[in-house]
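> Dropping a structure here in structure tokens format, bear with me for questions.
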Amino acid sequence: MVLVTGIVYKQVKEQTCGISFHRDTLYDPIVISRIRPDGLFASSSLAVGMQVLTVNNVPVDDMTSSEALQLIKDTVGQVSIVAENRTIAVAEAVCVNAAPLVPESRQKRGFIILKQVEKSYSFHGPMTHDMVNLINNNLRQLKLVHGANMLQFSLNSSGHFYGATNNAAQRVHEEDFIVIILETMELLGWCLKVQYDRSPGGWQKELFVFHRMSE
């Protein structure tokens, strides 16, 4: 077992660390699913795919990924994460073998891209209204801080499902939105294949590429 420790310092409670966790079921480990290149943990030795063992010396074995992330959000000062380096590929860290919730007649093939540019999000590819409705419903279960708006997707004039957040929502809930979207896409039978982080012209841009799970 190779243990890796990442330690950062949060100046205020609302400061985000730019790290996300994922857990398929309580029988599976919590793994790191995302580390933002501009986040506090970007310069640590932690990496996507590592199994999270403790957060601030608290074991996360019996927690959901959201509960483990909440430990980080509630902390002011030092945040420590101990993880096991399991050298898992990014795609394996987020895939589940779940039954699609969309009727077979409406299932799509190919690739879907979720594009995030600053505070806006848009889906590109064979998304359906059923899929977007489920994502919107799951997003509405999130409890927001005062002043934050809820991320919701709707069809725009370009034919893409688009949603945007305000500054408060993006500052506090960006990781929450992404986790809910990833988990819902998995339930729908779509697996995260690859993630790109780019900052063209000073704008933070991320692309999440999903592909249909093998049946």
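Ligands are numbered from 1 in the order shown, residues from 1 within each chain, and chains are lettered A, B, ... in the order they appear in the structure tokens.
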Residues near Ala168 of chain A, anyone? I mean within 10 Å using only C-alpha atoms, not counting same-chain ones fewer than 3 positions away, as a ChimeraX atom specification.

/A:14,144-149,165,171-174

> With a distance cut-off of 9 Å and only C-alpha atoms, select the neighbouring residues of segment 54-71 of chain A, excluding the residue or stretch itself and same-chain residues fewer than 3 positions from it, and output the selection as a ChimeraX atom specification.

/A:19-31,74-75,78-83,176,179

> Set the distance at 7 Å and use only C-alpha atoms: which residues neighbour segment 151-158 of chain A once local chain neighbours fewer than 5 positions away are removed? I'd like the list as a list in words.

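Returned residues: Val132, Asn136, Leu139, Gly163, Ala164 and Thr165 of chain A.
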
> Could you list, as a list in words, every residue within 8 Å of Phe41 of chain A, counting only C-alpha atoms and ignoring same-chain residues fewer than 5 positions away?

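Once the nearby chain positions are removed, what remains is Gly6, Ile7, Val8, Cys17, Gly18, Ile19, Ile35, Arg36 and Leu46 of chain A.
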
> Run DSSP on the backbone and tell me which residues of segment 8-198 of chain A come out as alpha helix (DSSP H); list them as a PyMOL selection string.

chain A and resi 65-73+90-94+129-139+167-187

> Could you write those residues out with N, CA and C atoms, as a compact mmCIF listing (two decimals), in the first residue's frame?


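out.txt, freshly written:
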# COMPACT_ATOMS: atom_id res chain seq x y z
N SER A 65 -19.65 10.16 -0.96
CA SER A 65 -18.68 11.12 -1.47
C SER A 65 -19.05 12.55 -1.06
N SER A 66 -20.36 12.84 -1.02
CA SER A 66 -20.81 14.18 -0.62
C SER A 66 -20.48 14.46 0.84
N GLU A 67 -20.64 13.45 1.70
CA GLU A 67 -20.32 13.63 3.12
C GLU A 67 -18.83 13.86 3.33
N ALA A 68 -18.01 13.15 2.56
CA ALA A 68 -16.56 13.34 2.67
C ALA A 68 -16.16 14.73 2.19
N LEU A 69 -16.78 15.19 1.11
CA LEU A 69 -16.49 16.54 0.61
C LEU A 69 -16.96 17.60 1.60
N GLN A 70 -18.03 17.31 2.32
CA GLN A 70 -18.55 18.28 3.28
C GLN A 70 -17.54 18.53 4.40
N LEU A 71 -16.75 17.52 4.75
CA LEU A 71 -15.70 17.71 5.76
C LEU A 71 -14.72 18.79 5.31
N ILE A 72 -14.42 18.80 4.01
CA ILE A 72 -13.51 19.80 3.46
C ILE A 72 -14.18 21.17 3.46
N LYS A 73 -15.45 21.21 3.04
CA LYS A 73 -16.15 22.48 2.95
C LYS A 73 -16.32 23.15 4.31
N VAL A 90 -8.62 7.24 -15.18
CA VAL A 90 -9.70 8.18 -14.91
C VAL A 90 -11.06 7.57 -15.25
N ALA A 91 -11.15 6.91 -16.39
CA ALA A 91 -12.43 6.36 -16.80
C ALA A 91 -12.92 5.31 -15.82
N GLU A 92 -12.02 4.46 -15.29
CA GLU A 92 -12.41 3.43 -14.36
C GLU A 92 -12.85 4.02 -13.04
N ALA A 93 -12.34 5.20 -12.71
CA ALA A 93 -12.67 5.81 -11.42
C ALA A 93 -14.10 6.32 -11.37
N VAL A 94 -14.72 6.53 -12.52
CA VAL A 94 -16.05 7.12 -12.50
C VAL A 94 -17.12 6.26 -13.17
N HIS A 129 -34.50 15.22 -23.77
CA HIS A 129 -35.21 15.96 -22.73
C HIS A 129 -35.34 15.11 -21.47
N ASP A 130 -35.53 13.79 -21.62
CA ASP A 130 -35.63 12.92 -20.45
C ASP A 130 -34.35 12.95 -19.63
N MET A 131 -33.22 12.90 -20.31
CA MET A 131 -31.94 12.93 -19.61
C MET A 131 -31.74 14.25 -18.87
N VAL A 132 -32.05 15.35 -19.55
CA VAL A 132 -31.86 16.67 -18.94
C VAL A 132 -32.83 16.87 -17.78
N ASN A 133 -34.06 16.38 -17.91
CA ASN A 133 -35.02 16.51 -16.82
C ASN A 133 -34.53 15.80 -15.56
N LEU A 134 -33.92 14.63 -15.73
CA LEU A 134 -33.40 13.90 -14.57
C LEU A 134 -32.24 14.66 -13.94
N ILE A 135 -31.35 15.21 -14.76
CA ILE A 135 -30.24 16.01 -14.24
C ILE A 135 -30.77 17.23 -13.48
N ASN A 136 -31.74 17.93 -14.07
CA ASN A 136 -32.31 19.10 -13.40
C ASN A 136 -32.96 18.73 -12.08
N ASN A 137 -33.69 17.61 -12.05
CA ASN A 137 -34.34 17.18 -10.81
C ASN A 137 -33.31 16.88 -9.72
N ASN A 138 -32.22 16.21 -10.10
CA ASN A 138 -31.19 15.88 -9.11
C ASN A 138 -30.46 17.14 -8.63
N LEU A 139 -30.25 18.08 -9.52
CA LEU A 139 -29.61 19.34 -9.12
C LEU A 139 -30.48 20.10 -8.12
N ASN A 167 -22.25 34.25 -9.40
CA ASN A 167 -20.95 34.17 -8.74
C ASN A 167 -20.99 33.35 -7.45
N ALA A 168 -22.05 33.54 -6.65
CA ALA A 168 -22.14 32.82 -5.38
C ALA A 168 -22.26 31.32 -5.60
N ALA A 169 -23.08 30.92 -6.56
CA ALA A 169 -23.25 29.49 -6.84
C ALA A 169 -21.96 28.87 -7.36
N GLN A 170 -21.28 29.58 -8.24
CA GLN A 170 -20.05 29.03 -8.81
C GLN A 170 -18.94 28.95 -7.78
N ARG A 171 -18.87 29.93 -6.90
CA ARG A 171 -17.80 29.95 -5.90
C ARG A 171 -17.95 28.83 -4.88
N VAL A 172 -19.18 28.53 -4.47
CA VAL A 172 -19.41 27.57 -3.39
C VAL A 172 -19.82 26.19 -3.90
N HIS A 173 -20.59 26.14 -5.00
CA HIS A 173 -21.22 24.88 -5.39
C HIS A 173 -20.72 24.30 -6.71
N GLU A 174 -19.66 24.84 -7.27
CA GLU A 174 -19.20 24.33 -8.57
C GLU A 174 -18.94 22.83 -8.54
N GLU A 175 -18.20 22.36 -7.52
CA GLU A 175 -17.91 20.93 -7.43
C GLU A 175 -19.18 20.11 -7.20
N ASP A 176 -20.12 20.67 -6.42
CA ASP A 176 -21.39 19.96 -6.18
C ASP A 176 -22.14 19.74 -7.49
N PHE A 177 -22.21 20.78 -8.31
CA PHE A 177 -22.91 20.67 -9.59
C PHE A 177 -22.27 19.58 -10.46
N ILE A 178 -20.94 19.59 -10.55
CA ILE A 178 -20.25 18.63 -11.40
C ILE A 178 -20.47 17.20 -10.90
N VAL A 179 -20.37 16.99 -9.58
CA VAL A 179 -20.56 15.65 -9.03
C VAL A 179 -21.96 15.13 -9.34
N ILE A 180 -22.98 15.96 -9.16
CA ILE A 180 -24.36 15.53 -9.43
C ILE A 180 -24.54 15.20 -10.90
N ILE A 181 -23.97 16.01 -11.79
CA ILE A 181 -24.08 15.74 -13.22
C ILE A 181 -23.38 14.43 -13.58
N LEU A 182 -22.17 14.21 -13.05
CA LEU A 182 -21.43 12.98 -13.35
C LEU A 182 -22.20 11.76 -12.85
N GLU A 183 -22.71 11.82 -11.62
CA GLU A 183 -23.43 10.68 -11.06
C GLU A 183 -24.71 10.39 -11.85
N THR A 184 -25.41 11.44 -12.29
CA THR A 184 -26.64 11.24 -13.05
C THR A 184 -26.34 10.66 -14.43
N MET A 185 -25.28 11.13 -15.07
CA MET A 185 -24.92 10.58 -16.37
C MET A 185 -24.57 9.10 -16.25
N GLU A 186 -23.94 8.70 -15.15
CA GLU A 186 -23.64 7.29 -14.93
C GLU A 186 -24.92 6.47 -14.82
N LEU A 187 -25.89 6.99 -14.06
CA LEU A 187 -27.17 6.29 -13.92
C LEU A 187 -27.87 6.14 -15.26

> Interatomic distance between atom CA of Leu192 of chain A and atom CA of Thr16 of chain A?

22.8 Å

> Tell me, in Å to one decimal, how far atom CA of Lys193 of chain A is from atom CA of Met50 of chain A.

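Computing the Euclidean distance for atom CA of Lys193 of chain A and atom CA of Met50 of chain A yields 17.0 Å.
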